[in-house]
Amino acid sequence: MRVVGLTPRRADGGRRDVVAAWIRNRWETDHPEWPLHEGHHNDGPFNRSEAINRAAAAAGEWDVAIITDSDSFVGPEQLAQAVALAARTGQITFAYDSFRYLNRQGSKQIMAGYLGDWFPFVEWTLTGTCSSMVVVPRSLWDQTQGFDPGFVGWGMEDVGFSLACQALGGGMQRVPGSVWHLFHPPSTDNHHESPHYKANVDRMNRYRECDYDPEKMAALLSELR
């Protein structure tokens, strides 16, 4: 079984690049058998979908892909469990059930090698999210045609992909544990009043309106692509 990592990227010449380099080094240490492929999108508003699709194409033939953001990570056993679960069930699998955003100081200490308790560094926690560390089998990726590049700018492309995968794959899986997000300054374009974000919400709602019906979802994907 060939497993690959897919990372969407846009270099910034600053903190994001430092974090991305640390994440890559950790990945190559924890998972030397799983090549990590970057997909870049450098023109106009960042299109995360297009970047992920480019990484998937660059990876060539693969059986299971891990869509891993360049600022987040999970424990190696946790990720291995998610890969095995996705391969066995054929369903989209999230390699965590809690998203934990680390503050600036905590991120700095962890990147410097701190092995103590990380929870005091957590600025906020979310449950039920569908990004950061997502595992998908190739058959399901092909059915959904990858990520929808019609989501432009920040937000909702991950929800659209999750809904499509759940409809066509018959559900989803989660592995217990945390995904840790390292601090970096947010983009000034990432806010709920952005015209791109509002358009993305409207597009995502079309996925939601399929109500997990595989025939409706397949028809929507055919129309949108």
# chains A, B, ... in the order shown; residues from 1 in each chain; ligands from 1
$ residues_around --residues "Val83 of chain A" --least-positions-apart "6" --cutoff "10 Å" --atoms "only C-alpha atoms" --output "tab-separated table (two decimals) with C-alpha atoms, in the first residue's frame"
chain	number	residue	atom	x	y	z
A	3	VAL	CA	0.77	6.13	1.39
A	64	VAL	CA	-4.02	6.40	0.61
A	65	ALA	CA	-3.34	10.13	0.95
A	66	ILE	CA	-2.91	12.16	4.11
A	77	GLU	CA	0.70	6.11	16.18
A	92	ILE	CA	-12.65	9.65	4.89
A	93	THR	CA	-10.86	9.49	8.23
A	94	PHE	CA	-9.85	12.33	10.52
A	95	ALA	CA	-6.71	11.51	12.47
A	134	VAL	CA	-7.36	14.13	6.83
A	135	VAL	CA	-6.85	10.64	5.41
A	136	VAL	CA	-8.60	9.54	2.21
A	137	PRO	CA	-8.34	6.32	0.17
A	175	VAL	CA	-9.31	8.56	15.61
$ closest_atom_pairs --of "segment 115-222 of chain A" --to "segment 40-63 of chain A" --cutoff "6 Å" --atoms "only C-alpha atoms" --output "tab-separated table"
residue	atom	partner	partner_atom	distance
A:Pro137	CA	A:Asp63	CA	6.0
A:Arg138	CA	A:Asp63	CA	5.1
A:Phe147	CA	A:Ser49	CA	5.0
A:Asp148	CA	A:Ser49	CA	5.8
A:Pro149	CA	A:Ser49	CA	5.0
A:Val152	CA	A:Asn47	CA	5.3
A:Gly153	CA	A:Pro45	CA	5.0
$ write_last_selection --atoms "all heavy atoms" --output "compact mmCIF listing (two decimals), in the first residue's frame"
# COMPACT_ATOMS: atom_id res chain seq x y z
N PRO A 137 -8.79 7.37 1.10
CA PRO A 137 -8.34 6.32 0.17
C PRO A 137 -8.50 6.78 -1.29
O PRO A 137 -9.35 7.63 -1.58
CB PRO A 137 -9.26 5.14 0.48
CG PRO A 137 -10.47 5.74 1.11
CD PRO A 137 -10.03 7.00 1.78
N ARG A 138 -7.70 6.22 -2.18
CA ARG A 138 -7.68 6.68 -3.56
C ARG A 138 -9.04 6.53 -4.24
O ARG A 138 -9.46 7.40 -5.01
CB ARG A 138 -6.61 5.90 -4.35
CG ARG A 138 -6.45 6.37 -5.79
CD ARG A 138 -6.04 7.83 -5.82
NE ARG A 138 -5.94 8.39 -7.13
CZ ARG A 138 -4.77 8.69 -7.73
NH1 ARG A 138 -3.63 8.42 -7.12
NH2 ARG A 138 -4.76 9.24 -8.90
N PHE A 147 -10.38 17.88 -4.40
CA PHE A 147 -10.98 19.08 -3.81
C PHE A 147 -11.56 19.98 -4.90
O PHE A 147 -11.07 20.01 -6.03
CB PHE A 147 -9.93 19.85 -3.00
CG PHE A 147 -9.78 19.37 -1.58
CD1 PHE A 147 -9.24 18.13 -1.31
CD2 PHE A 147 -10.18 20.17 -0.52
CE1 PHE A 147 -9.09 17.69 0.00
CE2 PHE A 147 -10.04 19.74 0.79
CZ PHE A 147 -9.50 18.49 1.04
N ASP A 148 -12.57 20.72 -4.53
CA ASP A 148 -13.27 21.61 -5.45
C ASP A 148 -12.55 22.95 -5.55
O ASP A 148 -12.61 23.75 -4.60
CB ASP A 148 -14.71 21.81 -4.96
CG ASP A 148 -15.53 22.71 -5.84
OD1 ASP A 148 -15.00 23.26 -6.81
OD2 ASP A 148 -16.74 22.88 -5.54
N PRO A 149 -11.88 23.26 -6.68
CA PRO A 149 -11.16 24.53 -6.80
C PRO A 149 -12.07 25.74 -6.95
O PRO A 149 -11.59 26.88 -7.01
CB PRO A 149 -10.29 24.32 -8.05
CG PRO A 149 -11.03 23.31 -8.85
CD PRO A 149 -11.70 22.40 -7.86
N VAL A 152 -12.61 29.63 -3.49
CA VAL A 152 -11.50 30.57 -3.70
C VAL A 152 -11.26 31.33 -2.40
O VAL A 152 -12.20 31.84 -1.78
CB VAL A 152 -11.81 31.55 -4.84
CG1 VAL A 152 -10.69 32.57 -5.01
CG2 VAL A 152 -12.01 30.78 -6.14
N GLY A 153 -9.99 31.44 -1.99
CA GLY A 153 -9.70 32.14 -0.75
C GLY A 153 -10.00 31.24 0.44
O GLY A 153 -10.15 30.03 0.33
$ closest_residue --among "A:His196, A:Gly75, A:His191, A:Arg10" --to "Thr29 of chain A" --atoms "only C-alpha atoms"
A:Gly75
$ select_by_dssp --residues "segment 31-129 of chain A" --states "strand (DSSP E)" --output "list of chain:residue names"
A:Leu36, A:His37, A:Glu38, A:Gly39, A:His40, A:Val64, A:Ala65, A:Ile66, A:Ile67, A:Thr68, A:Ser72, A:Phe73, A:Ile92, A:Thr93, A:Phe94, A:Ser98, A:Phe99, A:Arg100, A:Tyr101, A:Leu102, A:Val122, A:Glu123, A:Trp124, A:Thr125, A:Leu126, A:Thr127
$ write_last_selection --atoms "N, CA, C and O atoms" --output "compact mmCIF listing (two decimals), in the first residue's frame"
# COMPACT_ATOMS: atom_id res chain seq x y z
N LEU A 36 6.27 13.08 1.39
CA LEU A 36 5.43 14.27 1.58
C LEU A 36 5.57 15.15 0.34
O LEU A 36 6.66 15.60 0.00
N HIS A 37 4.44 15.41 -0.32
CA HIS A 37 4.42 16.20 -1.55
C HIS A 37 3.73 17.53 -1.30
O HIS A 37 2.62 17.57 -0.75
N GLU A 38 4.37 18.60 -1.69
CA GLU A 38 3.78 19.94 -1.56
C GLU A 38 3.12 20.36 -2.86
O GLU A 38 3.64 20.10 -3.95
N GLY A 39 1.98 21.00 -2.72
CA GLY A 39 1.32 21.64 -3.85
C GLY A 39 1.23 23.12 -3.56
O GLY A 39 0.74 23.51 -2.49
N HIS A 40 1.71 23.95 -4.49
CA HIS A 40 1.74 25.39 -4.26
C HIS A 40 0.70 26.10 -5.12
O HIS A 40 0.42 25.69 -6.25
N VAL A 64 -3.43 5.61 -0.47
CA VAL A 64 -4.02 6.40 0.61
C VAL A 64 -3.25 7.72 0.70
O VAL A 64 -2.01 7.71 0.67
N ALA A 65 -3.98 8.82 0.80
CA ALA A 65 -3.34 10.13 0.95
C ALA A 65 -3.70 10.74 2.29
O ALA A 65 -4.84 10.62 2.76
N ILE A 66 -2.71 11.40 2.87
CA ILE A 66 -2.91 12.16 4.11
C ILE A 66 -2.80 13.63 3.74
O ILE A 66 -1.74 14.10 3.32
N ILE A 67 -3.90 14.36 3.87
CA ILE A 67 -3.90 15.78 3.59
C ILE A 67 -3.50 16.47 4.88
O ILE A 67 -4.26 16.52 5.85
N THR A 68 -2.27 16.96 4.90
CA THR A 68 -1.68 17.48 6.13
C THR A 68 -1.25 18.92 5.94
O THR A 68 -0.45 19.22 5.06
N SER A 72 0.43 21.89 11.20
CA SER A 72 -0.27 21.01 12.14
C SER A 72 0.33 19.61 12.13
O SER A 72 0.91 19.18 11.13
N PHE A 73 0.17 18.90 13.25
CA PHE A 73 0.68 17.54 13.33
C PHE A 73 -0.06 16.74 14.39
O PHE A 73 -0.70 17.31 15.28
N ILE A 92 -13.47 8.55 4.43
CA ILE A 92 -12.65 9.65 4.89
C ILE A 92 -12.44 9.49 6.39
O ILE A 92 -13.37 9.15 7.13
N THR A 93 -11.21 9.71 6.83
CA THR A 93 -10.86 9.49 8.23
C THR A 93 -10.08 10.67 8.76
O THR A 93 -9.08 11.09 8.16
N PHE A 94 -10.53 11.22 9.88
CA PHE A 94 -9.85 12.33 10.52
C PHE A 94 -8.96 11.76 11.62
O PHE A 94 -9.44 11.02 12.48
N SER A 98 -9.90 16.28 18.41
CA SER A 98 -9.81 17.61 19.04
C SER A 98 -8.73 18.43 18.35
O SER A 98 -7.59 17.96 18.20
N PHE A 99 -9.09 19.61 17.93
CA PHE A 99 -8.15 20.55 17.31
C PHE A 99 -7.67 21.51 18.39
O PHE A 99 -8.48 22.16 19.05
N ARG A 100 -6.35 21.60 18.57
CA ARG A 100 -5.80 22.43 19.65
C ARG A 100 -4.83 23.46 19.07
O ARG A 100 -3.80 23.10 18.49
N TYR A 101 -5.20 24.72 19.22
CA TYR A 101 -4.40 25.83 18.70
C TYR A 101 -3.42 26.28 19.77
O TYR A 101 -3.81 26.72 20.85
N LEU A 102 -2.13 26.16 19.45
CA LEU A 102 -1.07 26.49 20.40
C LEU A 102 -0.70 27.96 20.31
O LEU A 102 -0.64 28.54 19.21
N VAL A 122 -2.30 25.69 25.09
CA VAL A 122 -3.44 25.68 24.18
C VAL A 122 -4.26 26.95 24.36
O VAL A 122 -4.78 27.23 25.44
N GLU A 123 -4.38 27.71 23.28
CA GLU A 123 -5.14 28.96 23.31
C GLU A 123 -6.62 28.71 23.16
O GLU A 123 -7.44 29.36 23.80
N TRP A 124 -6.98 27.78 22.29
CA TRP A 124 -8.38 27.37 22.17
C TRP A 124 -8.46 25.99 21.52
O TRP A 124 -7.52 25.53 20.87
N THR A 125 -9.60 25.34 21.73
CA THR A 125 -9.83 23.97 21.26
C THR A 125 -11.15 23.91 20.51
O THR A 125 -12.12 24.58 20.88
N LEU A 126 -11.17 23.11 19.44
CA LEU A 126 -12.39 22.86 18.69
C LEU A 126 -12.61 21.36 18.54
O LEU A 126 -11.64 20.60 18.49
N THR A 127 -13.85 20.95 18.45
CA THR A 127 -14.17 19.57 18.11
C THR A 127 -15.02 19.57 16.85
O THR A 127 -15.66 20.57 16.51
$ residues_around --residues "Gly169 of chain A" --least-positions-apart "6" --cutoff "7 Å" --atoms "only C-alpha atoms" --output "ChimeraX atom specification"
/A:90-91,140
$ atom_distance --atom1 "atom CA of Gly177 of chain A" --atom2 "atom CA of Tyr96 of chain A"
4.8 Å
$ atom_distance --atom1 "atom CA of Met204 of chain A" --atom2 "atom CA of Arg16 of chain A"
27.1 Å
$ select_by_dssp --residues "segment 61-160 of chain A" --states "helix (DSSP H, G or I)" --output "PyMOL selection string"
chain A and resi 76-89+104-111+119-121+138-144+157-160
